[in-house]
file work00.txt (compact mmCIF, C-alpha atoms)
# COMPACT_ATOMS: atom_id res chain seq x y z
CA MET B 1 0.00 0.00 0.00
CA ARG B 2 1.27 3.45 -0.78
CA LEU B 3 1.98 5.80 2.07
CA ALA B 4 -0.14 8.45 0.39
CA SER B 5 -3.23 6.30 0.77
CA ILE B 6 -2.73 6.17 4.53
CA ALA B 7 -2.27 9.90 4.63
CA ALA B 8 -5.49 10.49 2.73
CA LEU B 9 -7.37 8.13 5.02
CA LEU B 10 -6.36 9.90 8.19
CA LEU B 11 -6.68 13.33 6.66
CA ALA B 12 -10.33 12.59 6.05
CA ALA B 13 -10.70 11.28 9.57
CA LEU B 14 -9.13 14.26 11.30
CA ALA B 15 -10.25 17.24 9.26
CA PRO B 16 -13.96 17.72 10.15
CA ALA B 17 -14.86 20.97 11.84
CA GLY B 18 -16.64 19.11 14.64
CA VAL B 19 -13.39 17.58 15.78
CA VAL B 20 -11.70 20.98 15.74
CA ALA B 21 -14.58 22.56 17.68
CA SER B 22 -14.28 19.81 20.27
CA GLU B 23 -10.55 20.48 20.55
CA TRP B 24 -11.26 24.17 21.08
CA ASP B 25 -13.69 23.37 23.89
CA ASP B 26 -11.15 21.05 25.46
CA TYR B 27 -8.47 23.69 25.14
CA LEU B 28 -10.59 26.34 26.87
CA SER B 29 -11.11 24.04 29.85
CA SER B 30 -7.50 22.86 30.00
CA ASP B 31 -4.54 23.97 32.04
CA PHE B 32 -2.92 25.29 28.86
CA GLN B 33 -5.47 28.02 28.14
CA ASN B 34 -4.00 31.53 28.35
CA PHE B 35 -5.20 34.84 27.00
CA VAL B 36 -1.78 35.49 25.40
CA TRP B 37 -2.28 32.84 22.73
CA ASP B 38 -6.01 32.06 22.92
CA GLU B 39 -6.83 34.12 19.85
CA GLU B 40 -4.15 32.49 17.74
CA VAL B 41 -5.22 29.00 18.77
CA ARG B 42 -8.84 29.81 17.87
CA THR B 43 -7.75 31.35 14.55
CA GLY B 44 -5.61 28.30 13.80
CA TYR B 45 -8.46 25.88 14.53
CA GLU B 46 -10.87 27.86 12.37
CA ALA B 47 -8.39 27.93 9.47
CA TYR B 48 -7.80 24.21 9.88
CA ALA B 49 -11.54 23.51 9.76
CA LYS B 50 -11.58 25.31 6.38
CA GLN B 51 -8.57 23.20 5.28
CA ASP B 52 -6.49 26.36 4.99
CA TYR B 53 -3.43 24.57 6.31
CA GLU B 54 -0.92 27.34 5.71
CA ALA B 55 -2.97 29.83 7.76
CA ALA B 56 -3.62 27.21 10.42
CA ALA B 57 0.06 26.36 10.68
CA LYS B 58 1.05 30.02 10.90
CA ALA B 59 -1.40 30.78 13.72
CA LEU B 60 -0.79 27.61 15.73
CA THR B 61 3.00 27.71 15.50
CA SER B 62 2.85 31.35 16.58
CA ALA B 63 0.89 30.32 19.68
CA ILE B 64 3.41 27.58 20.39
CA ASP B 65 6.33 29.99 19.97
CA LYS B 66 4.70 32.26 22.56
CA GLY B 67 4.52 29.45 25.09
CA CYS B 68 1.53 27.21 24.34
CA LYS B 69 2.48 23.64 25.21
CA ASP B 70 -0.92 21.99 24.81
CA PRO B 71 0.02 18.72 23.05
CA VAL B 72 -3.19 18.78 21.00
CA VAL B 73 -2.32 22.24 19.70
CA VAL B 74 1.20 21.03 18.89
CA PHE B 75 -0.23 17.96 17.14
CA ARG B 76 -2.67 20.09 15.16
CA ALA B 77 0.14 22.46 14.15
CA ALA B 78 2.16 19.49 12.95
CA TYR B 79 -0.77 18.20 10.94
CA ALA B 80 -1.38 21.64 9.44
CA LEU B 81 2.28 21.90 8.45
CA ARG B 82 2.00 18.48 6.86
CA GLY B 83 -1.08 19.58 4.95
CA ALA B 84 0.80 22.68 3.81
CA GLY B 85 3.57 20.52 2.36
CA GLN B 86 6.19 21.33 5.02
CA ALA B 87 7.00 17.72 5.88
CA ASP B 88 10.36 18.30 7.58
CA LYS B 89 8.99 21.00 9.87
CA ALA B 90 5.88 18.91 10.55
CA ALA B 91 8.06 16.03 11.73
CA GLY B 92 9.66 18.27 14.35
CA TYR B 93 6.25 19.28 15.67
CA PHE B 94 5.01 15.67 15.71
CA LYS B 95 8.09 14.83 17.79
CA ALA B 96 7.31 17.72 20.13
CA ALA B 97 3.71 16.54 20.35
CA THR B 98 4.74 13.02 21.40
CA ASP B 99 6.94 14.53 24.11
CA GLN B 100 4.17 16.82 25.33
CA PHE B 101 1.59 14.00 25.37
CA GLN B 102 3.93 11.93 27.48
CA LYS B 103 4.25 14.75 29.99
CA ALA B 104 0.65 15.92 30.05
CA ARG B 105 -2.05 13.69 28.48
CA THR B 106 -0.75 10.17 28.23
CA ASP B 107 -4.18 8.77 27.38
CA HIS B 108 -5.11 11.27 24.64
CA HIS B 109 -6.20 9.58 21.39
CA TYR B 110 -3.93 11.80 19.28
CA ARG B 111 -0.80 10.57 21.02
CA PRO B 112 -0.49 7.34 19.00
CA GLU B 113 -1.31 9.28 15.83
CA ALA B 114 1.60 11.63 16.51
CA HIS B 115 3.89 8.60 16.71
CA PHE B 116 2.32 7.25 13.53
CA TYR B 117 2.94 10.38 11.47
CA LEU B 118 6.47 10.64 12.77
CA ALA B 119 7.04 7.02 11.72
CA GLU B 120 5.61 7.79 8.30
CA PHE B 121 8.10 10.66 7.92
CA TYR B 122 11.02 8.47 8.97
CA LEU B 123 9.99 5.70 6.58
CA GLN B 124 9.79 8.13 3.68
CA HIS B 125 13.38 9.09 4.47
CA ALA B 126 14.51 5.44 4.89
CA LYS B 127 15.22 5.94 8.61
CA TYR B 128 13.99 2.46 9.41
CA ASP B 129 15.10 2.13 13.03
CA GLU B 130 13.51 5.44 13.99
CA ALA B 131 10.30 4.53 12.15
CA GLU B 132 10.11 1.16 13.88
CA TRP B 133 10.50 2.71 17.32
CA GLU B 134 7.71 5.21 16.67
CA LEU B 135 5.40 2.46 15.39
CA GLU B 136 6.12 0.37 18.49
CA GLN B 137 4.87 3.29 20.56
CA ALA B 138 1.81 3.78 18.36
CA VAL B 139 0.57 0.18 18.54
CA GLU B 140 1.41 -0.08 22.22
CA LEU B 141 -0.80 2.92 22.91
CA ARG B 142 -3.58 1.74 20.57
CA LYS B 143 -3.81 -2.02 20.13
CA ASP B 144 -6.31 -1.75 17.26
CA PHE B 145 -4.45 0.93 15.29
CA THR B 146 -4.97 -0.58 11.83
CA GLU B 147 -3.13 2.11 9.87
CA ALA B 148 -0.10 1.78 12.14
CA TYR B 149 0.07 -1.99 11.56
CA LEU B 150 -0.25 -1.36 7.82
CA LEU B 151 2.61 1.13 7.95
CA TYR B 152 4.57 -1.33 10.07
CA GLY B 153 4.14 -3.85 7.27
CA ASP B 154 5.26 -1.26 4.72
CA LEU B 155 8.35 -0.63 6.84
CA PHE B 156 9.42 -4.27 6.75
CA ALA B 157 8.45 -4.65 3.08
CA ALA B 158 10.72 -1.71 2.20
CA GLN B 159 13.59 -3.64 3.79
CA GLY B 160 12.75 -6.90 2.02
CA LYS B 161 11.68 -8.54 5.30
CA TYR B 162 8.58 -10.12 3.82
CA ALA B 163 7.83 -12.57 6.64
CA PHE B 164 7.88 -9.74 9.21
CA ALA B 165 5.78 -7.58 6.92
CA ALA B 166 3.22 -10.39 6.57
CA GLU B 167 2.94 -10.68 10.36
CA LYS B 168 2.15 -6.97 10.69
CA TYR B 169 -0.44 -7.11 7.91
CA ARG B 170 -2.05 -10.03 9.77
CA ARG B 171 -2.25 -7.83 12.85
CA ALA B 172 -3.87 -5.10 10.75
CA HIS B 173 -6.42 -7.64 9.53
CA GLU B 174 -7.15 -8.72 13.11
CA ALA B 175 -7.65 -5.08 14.07
CA ASP B 176 -10.02 -4.42 11.15
CA PRO B 177 -11.39 -7.70 9.69
CA LYS B 178 -13.64 -5.92 7.18
CA ASN B 179 -10.78 -3.98 5.56
CA THR B 180 -9.39 -5.59 2.40
CA LYS B 181 -6.09 -3.65 2.47
CA PRO B 182 -4.41 -5.82 5.12
CA LEU B 183 -5.42 -9.01 3.31
CA TYR B 184 -4.26 -7.67 -0.03
CA ASN B 185 -0.88 -6.60 1.37
CA LEU B 186 -0.60 -9.89 3.24
CA ALA B 187 -1.09 -11.80 0.00
CA VAL B 188 1.60 -9.72 -1.71
CA MET B 189 4.11 -10.40 1.06
CA LEU B 190 3.31 -14.13 1.19
CA SER B 191 3.80 -14.30 -2.57
CA LYS B 192 7.16 -12.53 -2.33
CA ALA B 193 8.15 -14.97 0.42
CA GLY B 194 7.28 -17.87 -1.89
CA LYS B 195 4.29 -19.01 0.19
CA LEU B 196 1.93 -19.15 -2.77
CA ASP B 197 -0.76 -21.35 -1.20
CA ASP B 198 -0.99 -19.02 1.78
CA ALA B 199 -1.12 -16.07 -0.61
CA LYS B 200 -4.04 -17.67 -2.45
CA ALA B 201 -5.84 -18.17 0.86
CA ALA B 202 -5.41 -14.50 1.76
CA ILE B 203 -6.71 -13.52 -1.68
CA GLY B 204 -9.72 -15.77 -1.13
CA ASP B 205 -10.47 -14.01 2.16
CA ALA B 206 -10.14 -10.61 0.47
CA ARG B 207 -12.54 -11.73 -2.26
CA LYS B 208 -15.18 -12.52 0.32
CA LEU B 209 -15.12 -8.81 1.19
CA GLU B 210 -14.86 -7.51 -2.39
CA PRO B 211 -15.98 -10.22 -4.85
CA GLU B 212 -15.77 -8.00 -7.94
CA SER B 213 -12.49 -6.24 -7.22
CA ASP B 214 -10.26 -5.94 -10.29
CA ARG B 215 -7.30 -5.12 -8.07
CA ILE B 216 -7.69 -8.40 -6.19
CA GLY B 217 -8.17 -10.24 -9.48
CA LEU B 218 -4.92 -8.82 -10.86
CA LEU B 219 -3.10 -9.95 -7.75
CA ALA B 220 -4.64 -13.41 -8.05
CA ALA B 221 -3.38 -13.57 -11.64
CA THR B 222 0.12 -12.56 -10.55
CA VAL B 223 0.17 -15.28 -7.89
CA ALA B 224 -1.11 -17.81 -10.42
CA ILE B 225 1.73 -16.91 -12.80
CA ALA B 226 4.23 -17.34 -9.95
CA ALA B 227 2.70 -20.79 -9.36
CA LYS B 228 3.10 -21.56 -13.11
CA ASP B 229 -0.67 -21.76 -13.46
CA LEU B 230 -1.00 -19.87 -16.75
CA ASP B 231 -4.55 -21.08 -17.35
CA GLY B 232 -5.59 -19.85 -13.93
CA ALA B 233 -3.99 -16.48 -14.60
CA ARG B 234 -5.70 -16.25 -17.98
CA ALA B 235 -9.06 -16.94 -16.32
CA GLU B 236 -8.44 -14.11 -13.85
CA TYR B 237 -7.53 -11.63 -16.60
CA ALA B 238 -10.50 -12.74 -18.70
CA ALA B 239 -12.89 -12.19 -15.78
CA ILE B 240 -11.55 -8.68 -15.28
CA HIS B 241 -11.82 -7.97 -18.99
CA GLU B 242 -15.43 -9.15 -18.94
CA ARG B 243 -16.25 -6.79 -16.06
CA SER B 244 -14.12 -3.92 -17.33
CA ALA B 245 -13.64 -4.09 -21.10
CA GLY B 246 -11.34 -1.06 -21.00
CA SER B 247 -8.97 -2.53 -18.41
CA ILE B 248 -5.50 -2.10 -19.86
CA ASP B 249 -4.03 -4.30 -17.12
CA ALA B 250 -6.32 -7.17 -18.12
CA LEU B 251 -5.42 -6.84 -21.81
CA LEU B 252 -1.72 -6.70 -21.00
CA GLY B 253 -2.12 -9.78 -18.84
CA LEU B 254 -3.92 -11.68 -21.58
CA GLY B 255 -1.17 -10.68 -24.00
CA TYR B 256 1.52 -11.85 -21.62
CA ILE B 257 -0.16 -15.23 -21.02
CA ALA B 258 -0.58 -15.75 -24.76
CA TRP B 259 3.10 -14.92 -25.22
CA ARG B 260 4.13 -17.38 -22.51
CA LYS B 261 2.04 -20.08 -24.18
CA GLY B 262 3.59 -19.42 -27.57
CA GLU B 263 0.33 -18.05 -28.97
CA TYR B 264 1.95 -15.12 -30.73
CA GLU B 265 -1.01 -14.14 -32.92
CA GLU B 266 -3.21 -13.93 -29.82
CA ALA B 267 -0.53 -11.99 -27.93
CA ALA B 268 -0.26 -9.49 -30.78
CA LYS B 269 -4.06 -9.13 -30.81
CA GLN B 270 -4.21 -8.30 -27.10
CA TYR B 271 -1.33 -5.83 -27.24
CA ALA B 272 -2.89 -4.17 -30.28
CA ALA B 273 -6.14 -3.80 -28.30
CA VAL B 274 -4.21 -1.89 -25.63
CA LEU B 275 -2.77 0.42 -28.27
CA GLU B 276 -6.25 1.21 -29.53
CA LEU B 277 -6.98 2.59 -26.06
CA GLU B 278 -3.56 4.14 -25.47
CA PRO B 279 -1.45 4.43 -28.66
CA ASP B 280 1.84 5.16 -26.91
CA HIS B 281 1.63 2.53 -24.18
CA VAL B 282 5.25 1.41 -23.94
CA GLU B 283 4.63 -2.06 -22.54
CA ALA B 284 2.04 -2.82 -25.22
CA LEU B 285 4.29 -1.50 -27.99
CA TYR B 286 7.12 -3.67 -26.74
CA GLY B 287 4.90 -6.75 -26.37
CA LEU B 288 3.49 -6.29 -29.85
CA GLY B 289 6.99 -5.83 -31.25
CA ILE B 290 8.39 -9.06 -29.84
CA ALA B 291 5.22 -10.96 -30.81
CA GLU B 292 5.61 -9.70 -34.37
CA ALA B 293 9.26 -10.74 -34.30
CA LYS B 294 8.15 -14.30 -33.50
CA LEU B 295 5.64 -14.11 -36.34
CA ALA B 296 8.44 -13.09 -38.75
CA LYS B 297 6.85 -9.67 -39.22
CA THR B 298 10.28 -8.11 -38.94
CA ASP B 299 9.61 -4.65 -40.31
CA GLU B 300 6.47 -4.22 -38.21
CA ALA B 301 8.39 -5.39 -35.15
CA ILE B 302 11.21 -2.95 -35.81
CA GLY B 303 8.71 -0.10 -36.18
CA HIS B 304 7.06 -0.81 -32.84
CA LEU B 305 10.35 -1.30 -30.99
CA GLN B 306 11.72 1.92 -32.47
CA ARG B 307 8.68 3.70 -31.06
CA VAL B 308 9.44 2.15 -27.66
CA VAL B 309 12.95 3.61 -27.57
CA GLU B 310 11.65 6.97 -28.78
CA LEU B 311 9.30 7.06 -25.80
CA GLU B 312 11.70 5.41 -23.37
CA PRO B 313 15.32 5.80 -24.55
CA LYS B 314 16.70 3.59 -21.77
CA HIS B 315 14.48 0.60 -22.52
CA LYS B 316 17.31 -1.94 -22.59
CA ASN B 317 15.31 -4.92 -23.86
CA ALA B 318 13.86 -2.93 -26.75
CA HIS B 319 17.36 -1.86 -27.83
CA TYR B 320 18.59 -5.44 -27.56
CA ASN B 321 15.75 -6.88 -29.59
CA LEU B 322 16.14 -4.16 -32.21
CA GLY B 323 19.78 -5.15 -32.46
CA SER B 324 18.79 -8.79 -32.87
CA LEU B 325 16.27 -7.97 -35.60
CA TYR B 326 18.74 -5.79 -37.51
CA GLN B 327 21.36 -8.52 -37.12
CA ASN B 328 18.97 -11.09 -38.60
CA LYS B 329 18.39 -8.76 -41.55
CA GLY B 330 22.12 -8.38 -42.08
CA GLU B 331 22.01 -4.67 -41.23
CA PHE B 332 25.06 -4.94 -39.00
CA ASP B 333 25.82 -1.24 -38.51
CA LYS B 334 22.33 -0.65 -37.11
CA ALA B 335 22.63 -3.76 -34.95
CA ILE B 336 25.95 -2.56 -33.52
CA GLU B 337 24.37 0.81 -32.65
CA GLN B 338 21.59 -0.91 -30.72
CA TYR B 339 23.96 -3.22 -28.84
CA ALA B 340 26.08 -0.21 -27.93
CA GLU B 341 22.98 1.37 -26.38
CA VAL B 342 22.39 -1.79 -24.34
CA MET B 343 25.93 -1.67 -22.95
CA LYS B 344 25.62 2.04 -22.26
CA ILE B 345 22.41 1.47 -20.29
CA ASP B 346 23.78 -1.58 -18.45
CA PRO B 347 27.58 -1.97 -18.59
CA ASN B 348 27.30 -5.28 -16.73
CA ASP B 349 25.14 -6.88 -19.42
CA ARG B 350 27.44 -9.00 -21.57
CA THR B 351 24.73 -10.46 -23.81
CA PRO B 352 25.62 -8.06 -26.66
CA ASN B 353 29.22 -9.36 -26.62
CA TYR B 354 28.05 -12.66 -28.07
CA ASN B 355 26.07 -10.94 -30.80
CA LEU B 356 28.90 -8.56 -31.61
CA GLY B 357 31.24 -11.51 -31.87
CA VAL B 358 28.92 -13.13 -34.40
CA ILE B 359 28.64 -9.89 -36.40
CA PHE B 360 32.41 -9.53 -36.63
CA ILE B 361 32.75 -13.13 -37.80
CA HIS B 362 30.34 -12.27 -40.61
CA ARG B 363 32.54 -9.29 -41.40
CA ARG B 364 35.69 -11.47 -41.35
CA ARG B 365 37.16 -9.33 -38.53
CA TYR B 366 38.22 -12.33 -36.50
CA ALA B 367 40.44 -10.67 -33.89
CA GLU B 368 37.57 -8.43 -32.79
CA ALA B 369 35.14 -11.33 -32.91
CA ARG B 370 37.45 -13.43 -30.72
CA ALA B 371 37.82 -10.65 -28.13
CA TYR B 372 34.06 -10.22 -27.79
CA LEU B 373 33.41 -13.96 -27.60
CA GLU B 374 36.13 -14.56 -25.00
CA GLU B 375 34.54 -11.85 -22.83
CA ALA B 376 31.14 -13.47 -23.33
CA VAL B 377 32.38 -16.92 -22.28
CA GLU B 378 34.05 -15.47 -19.19
CA ALA B 379 30.99 -13.40 -18.25
CA PHE B 380 28.38 -16.14 -18.70
CA GLY B 381 30.39 -19.17 -17.63
CA PRO B 382 30.92 -22.29 -19.72
CA ASP B 383 27.89 -24.13 -18.31
CA SER B 384 25.27 -21.50 -19.12
CA GLN B 385 23.21 -21.41 -22.32
CA TRP B 386 24.86 -18.17 -23.45
CA GLY B 387 28.29 -19.41 -22.36
CA ARG B 388 28.01 -22.60 -24.39
CA ALA B 389 26.79 -20.68 -27.44
CA ALA B 390 29.67 -18.21 -27.12
CA GLN B 391 32.20 -21.04 -26.73
CA GLN B 392 30.96 -22.71 -29.91
CA MET B 393 31.35 -19.46 -31.81
CA LEU B 394 34.77 -18.91 -30.25
CA ASP B 395 35.87 -22.40 -31.33
CA LEU B 396 34.81 -21.52 -34.86
CA VAL B 397 36.89 -18.33 -34.80
CA ILE B 398 39.94 -20.19 -33.47
CA GLN B 399 39.52 -22.80 -36.19
CA ILE B 400 39.41 -20.06 -38.82
CA GLN B 401 42.44 -18.26 -37.37
CA GLU B 402 44.43 -21.50 -37.37
CA ASP B 403 43.63 -21.95 -41.06
CA ARG B 404 41.91 -25.25 -40.45
CA PRO B 405 39.38 -26.26 -43.11
CA VAL B 406 35.93 -24.88 -42.33
CA GLU B 407 32.90 -23.85 -44.32
CA ILE B 408 32.43 -20.51 -42.56
CA GLU B 409 29.00 -19.56 -43.84
CA LYS B 410 27.56 -23.04 -43.31
CA GLU B 411 28.90 -23.25 -39.76
CA LEU B 412 27.76 -19.71 -38.98
CA GLU B 413 24.26 -20.45 -40.22
CA LYS B 414 24.09 -23.57 -38.08
CA LEU B 415 25.44 -21.95 -34.90
CA ASP B 416 23.60 -18.65 -35.37
CA LYS B 417 20.30 -20.49 -35.75
CA ASP B 418 20.80 -22.13 -32.33
CA ARG B 419 21.82 -18.98 -30.47
CA PRO B 420 19.74 -18.04 -27.40
CA GLY B 421 16.62 -16.00 -28.16
CA GLY B 422 16.65 -12.22 -28.02
CA GLU B 423 13.22 -11.65 -26.53
CA SER B 424 12.77 -10.91 -22.83
call {"tool": "encode", "arguments": {"input": "work00.txt", "output": "structure tokens"}}
result
Amino acid sequence: MRLASIAALLLAALAPAGVVASEWDDYLSSDFQNFVWDEEVRTGYEAYAKQDYEAAAKALTSAIDKGCKDPVVVFRAAYALRGAGQADKAAGYFKAATDQFQKARTDHHYRPEAHFYLAEFYLQHAKYDEAEWELEQAVELRKDFTEAYLLYGDLFAAQGKYAFAAEKYRRAHEADPKNTKPLYNLAVMLSKAGKLDDAKAAIGDARKLEPESDRIGLLAATVAIAAKDLDGARAEYAAIHERSAGSIDALLGLGYIAWRKGEYEEAAKQYAAVLELEPDHVEALYGLGIAEAKLAKTDEAIGHLQRVVELEPKHKNAHYNLGSLYQNKGEFDKAIEQYAEVMKIDPNDRTPNYNLGVIFIHRRRYAEARAYLEEAVEAFGPDSQWGRAAQQMLDLVIQIQEDRPVEIEKELEKLDKDRPGGES
């Protein structure tokens, strides 16, 4: 779950004027009331009720600067600063609010929320230890604090601690059994942890709450793919498409499943349907391009992949597959340009070295071919698919350089035909 969704949820919960009016009444009867800052507190609350967060923050922080230490006022100032986009300053006031609550109103319901928002700030800045401490305080103070458990899960997910994240999402579900978010997030974490059956069970529970949810259906399809159940995934995407004919995610999913099953005509059809809705959809353009490549529609494939790199110049796979298509057409200069782009984008990717070695064999530039192929063998290892292919090509080059009898074109055609596929 995105942090922004939590923020929006609590913003809606805390903003009503009735809450602010109640705070004002509490303030007037509290030990913190003082004529010096009463007017500014009232002005700040009124501005907050109108969602004028900048004015609210200005008035409330002024009251605090003059000596107001009411933790609710400090909390409200922090929240106003947050609403005004001053996140760093808001964090300082949330910290002050937690300190003031501890000294003055340990049982106030805003105290755990102050810890929560401070944790949210720390998580956004990857200060994981600080965020975890604040969340410990929040859930200790409020055992049923669903949003805090959700954020706790997000904290562990951000660190790749999927089992810990799953446990926190379970706690969120226990705190709010009718909320699908904890179950959805739980399923994601269980899937990442490789517990696919448990993930399916969590998805099933979420579906009981929202039977027609496309979002849950997309997750179910993703888990099915992870379980190598392509038919199950296809059924999920088809159900979404039936409910929501304009769902780009469903069409992309159907295209992907068709691709995985080797149904390239069907894959091309689904990707083309996406492009009818969104002509410059990069993923659909790429999917259509590699489907067309499999269908031997080389020029159409090149056109779509060229559009991909126009829209997304660092799309490594599109550059690589363009290189492969140009190489197959014998347009070696264009192929070399595309492989150079791949290596520029990802210097650690040695896949182009194999292809460049092959190209330079075709051009009878054997020293260069040998250098590229030796690098490819070393990078991939002799036992890998690419490593074995590179070694076979390297053996051919060595044979040629040693003037041993060899039918170069015949051997090249045979080895080149068996080279690993370009699509990915």
call {"tool": "residues_around", "arguments": {"input": "work00.txt", "residues": "B:Ala376", "least_positions_apart": "5", "cutoff": "12 Å", "atoms": "only C-alpha atoms", "output": "PDB file with C-alpha atoms, in the coordinates of the input"}}
result
ATOM      1  CA  ASN B 348      27.300  -5.280 -16.730  1.00  0.00           C
ATOM      2  CA  ASP B 349      25.140  -6.880 -19.420  1.00  0.00           C
ATOM      3  CA  ARG B 350      27.440  -9.000 -21.570  1.00  0.00           C
ATOM      4  CA  THR B 351      24.730 -10.460 -23.810  1.00  0.00           C
ATOM      5  CA  PRO B 352      25.620  -8.060 -26.660  1.00  0.00           C
ATOM      6  CA  ASN B 353      29.220  -9.360 -26.620  1.00  0.00           C
ATOM      7  CA  TYR B 354      28.050 -12.660 -28.070  1.00  0.00           C
ATOM      8  CA  ASN B 355      26.070 -10.940 -30.800  1.00  0.00           C
ATOM      9  CA  LEU B 356      28.900  -8.560 -31.610  1.00  0.00           C
ATOM     10  CA  GLY B 357      31.240 -11.510 -31.870  1.00  0.00           C
ATOM     11  CA  VAL B 358      28.920 -13.130 -34.400  1.00  0.00           C
ATOM     12  CA  ALA B 369      35.140 -11.330 -32.910  1.00  0.00           C
ATOM     13  CA  ARG B 370      37.450 -13.430 -30.720  1.00  0.00           C
ATOM     14  CA  ALA B 371      37.820 -10.650 -28.130  1.00  0.00           C
ATOM     15  CA  GLY B 381      30.390 -19.170 -17.630  1.00  0.00           C
ATOM     16  CA  PRO B 382      30.920 -22.290 -19.720  1.00  0.00           C
ATOM     17  CA  SER B 384      25.270 -21.500 -19.120  1.00  0.00           C
ATOM     18  CA  GLN B 385      23.210 -21.410 -22.320  1.00  0.00           C
ATOM     19  CA  TRP B 386      24.860 -18.170 -23.450  1.00  0.00           C
ATOM     20  CA  GLY B 387      28.290 -19.410 -22.360  1.00  0.00           C
ATOM     21  CA  ARG B 388      28.010 -22.600 -24.390  1.00  0.00           C
ATOM     22  CA  ALA B 389      26.790 -20.680 -27.440  1.00  0.00           C
ATOM     23  CA  ALA B 390      29.670 -18.210 -27.120  1.00  0.00           C
ATOM     24  CA  GLN B 391      32.200 -21.040 -26.730  1.00  0.00           C
ATOM     25  CA  GLN B 392      30.960 -22.710 -29.910  1.00  0.00           C
ATOM     26  CA  MET B 393      31.350 -19.460 -31.810  1.00  0.00           C
ATOM     27  CA  LEU B 394      34.770 -18.910 -30.250  1.00  0.00           C
TER      28      LEU B 394
END
call {"tool": "atom_distance", "arguments": {"input": "work00.txt", "atom1": "atom CA of B:Glu136", "atom2": "atom CA of B:Ala80"}}
result
24.3 Å
call {"tool": "residues_around", "arguments": {"input": "work00.txt", "residues": "B:Ile400", "least_positions_apart": "2", "cutoff": "12 Å", "atoms": "all atoms listed in the file", "output": "count of residues only"}}
result
23
call {"tool": "closest_residue", "arguments": {"input": "work00.txt", "among": "B:Val274, B:Leu219, B:Ile248, B:Leu118", "to": "B:Ala148", "atoms": "only C-alpha atoms"}}
result
B:Leu118
call {"tool": "residues_around", "arguments": {"input": "work00.txt", "residues": "B:Lys344", "least_positions_apart": "6", "cutoff": "10 Å", "atoms": "only C-alpha atoms", "output": "PDB file with C-alpha atoms, in the frame of the given file"}}
result
ATOM      1  CA  LYS B 314      16.700   3.590 -21.770  1.00  0.00           C
ATOM      2  CA  LYS B 316      17.310  -1.940 -22.590  1.00  0.00           C
ATOM      3  CA  GLN B 338      21.590  -0.910 -30.720  1.00  0.00           C
TER       4      GLN B 338
END
call {"tool": "closest_residue", "arguments": {"input": "work00.txt", "among": "B:Ala379, B:Leu325, B:Met189, B:Ala131", "to": "B:Ala119", "atoms": "only C-alpha atoms"}}
result
B:Ala131
call {"tool": "atom_distance", "arguments": {"input": "work00.txt", "atom1": "atom CA of B:Gly153", "atom2": "atom CA of B:Leu209"}}
result
20.8 Å
call {"tool": "residues_near_point", "arguments": {"input": "work00.txt", "point": "(3.4, 26.8, 14.7)", "cutoff": "9 Å", "atoms": "only C-alpha atoms", "output": "MDAnalysis selection string"}}
result
chainID B and resid 56:65 73:74 77:78 80:81 93
call {"tool": "atom_distance", "arguments": {"input": "work00.txt", "atom1": "atom CA of B:Glu266", "atom2": "atom CA of B:His281"}}
result
18.1 Å
call {"tool": "closest_residue", "arguments": {"input": "work00.txt", "among": "B:Glu283, B:Asp229, B:Asp88, B:Glu278", "to": "B:Lys261", "atoms": "only C-alpha atoms"}}
result
B:Asp229
call {"tool": "residues_near_point", "arguments": {"input": "work00.txt", "point": "(-0.9, -8.2, 1.5)", "cutoff": "12 Å", "atoms": "only C-alpha atoms", "output": "VMD selection string"}}
result
chain B and resid 1 149 to 151 153 to 154 157 162 to 173 179 to 193 198 to 206 215 to 216 219 to 220 223
call {"tool": "closest_residue", "arguments": {"input": "work00.txt", "among": "B:Phe75, B:Phe360, B:Phe94, B:Tyr128", "to": "B:His115", "atoms": "all atoms listed in the file"}}
result
B:Phe94
call {"tool": "residues_around", "arguments": {"input": "work00.txt", "residues": "B:Leu141", "least_positions_apart": "6", "cutoff": "12 Å", "atoms": "all atoms listed in the file", "output": "short mmCIF file (atom, residue, chain, number, x, y, z; two decimals) with C-alpha atoms, in the coordinates of the input"}}
result
data_model
loop_
_atom_site.label_atom_id
_atom_site.label_comp_id
_atom_site.auth_asym_id
_atom_site.auth_seq_id
_atom_site.Cartn_x
_atom_site.Cartn_y
_atom_site.Cartn_z
CA THR B 98 4.74 13.02 21.40
CA PHE B 101 1.59 14.00 25.37
CA GLN B 102 3.93 11.93 27.48
CA THR B 106 -0.75 10.17 28.23
CA ASP B 107 -4.18 8.77 27.38
CA HIS B 108 -5.11 11.27 24.64
CA HIS B 109 -6.20 9.58 21.39
CA TYR B 110 -3.93 11.80 19.28
CA ARG B 111 -0.80 10.57 21.02
CA PRO B 112 -0.49 7.34 19.00
CA GLU B 113 -1.31 9.28 15.83
CA ALA B 114 1.60 11.63 16.51
CA HIS B 115 3.89 8.60 16.71
CA PHE B 116 2.32 7.25 13.53
CA GLU B 134 7.71 5.21 16.67
CA LEU B 135 5.40 2.46 15.39
CA ALA B 148 -0.10 1.78 12.14
#
call {"tool": "closest_residue", "arguments": {"input": "work00.txt", "among": "B:Tyr372, B:Asp231, B:Ala87, B:Asp176", "to": "B:Tyr122", "atoms": "all atoms listed in the file"}}
result
B:Ala87
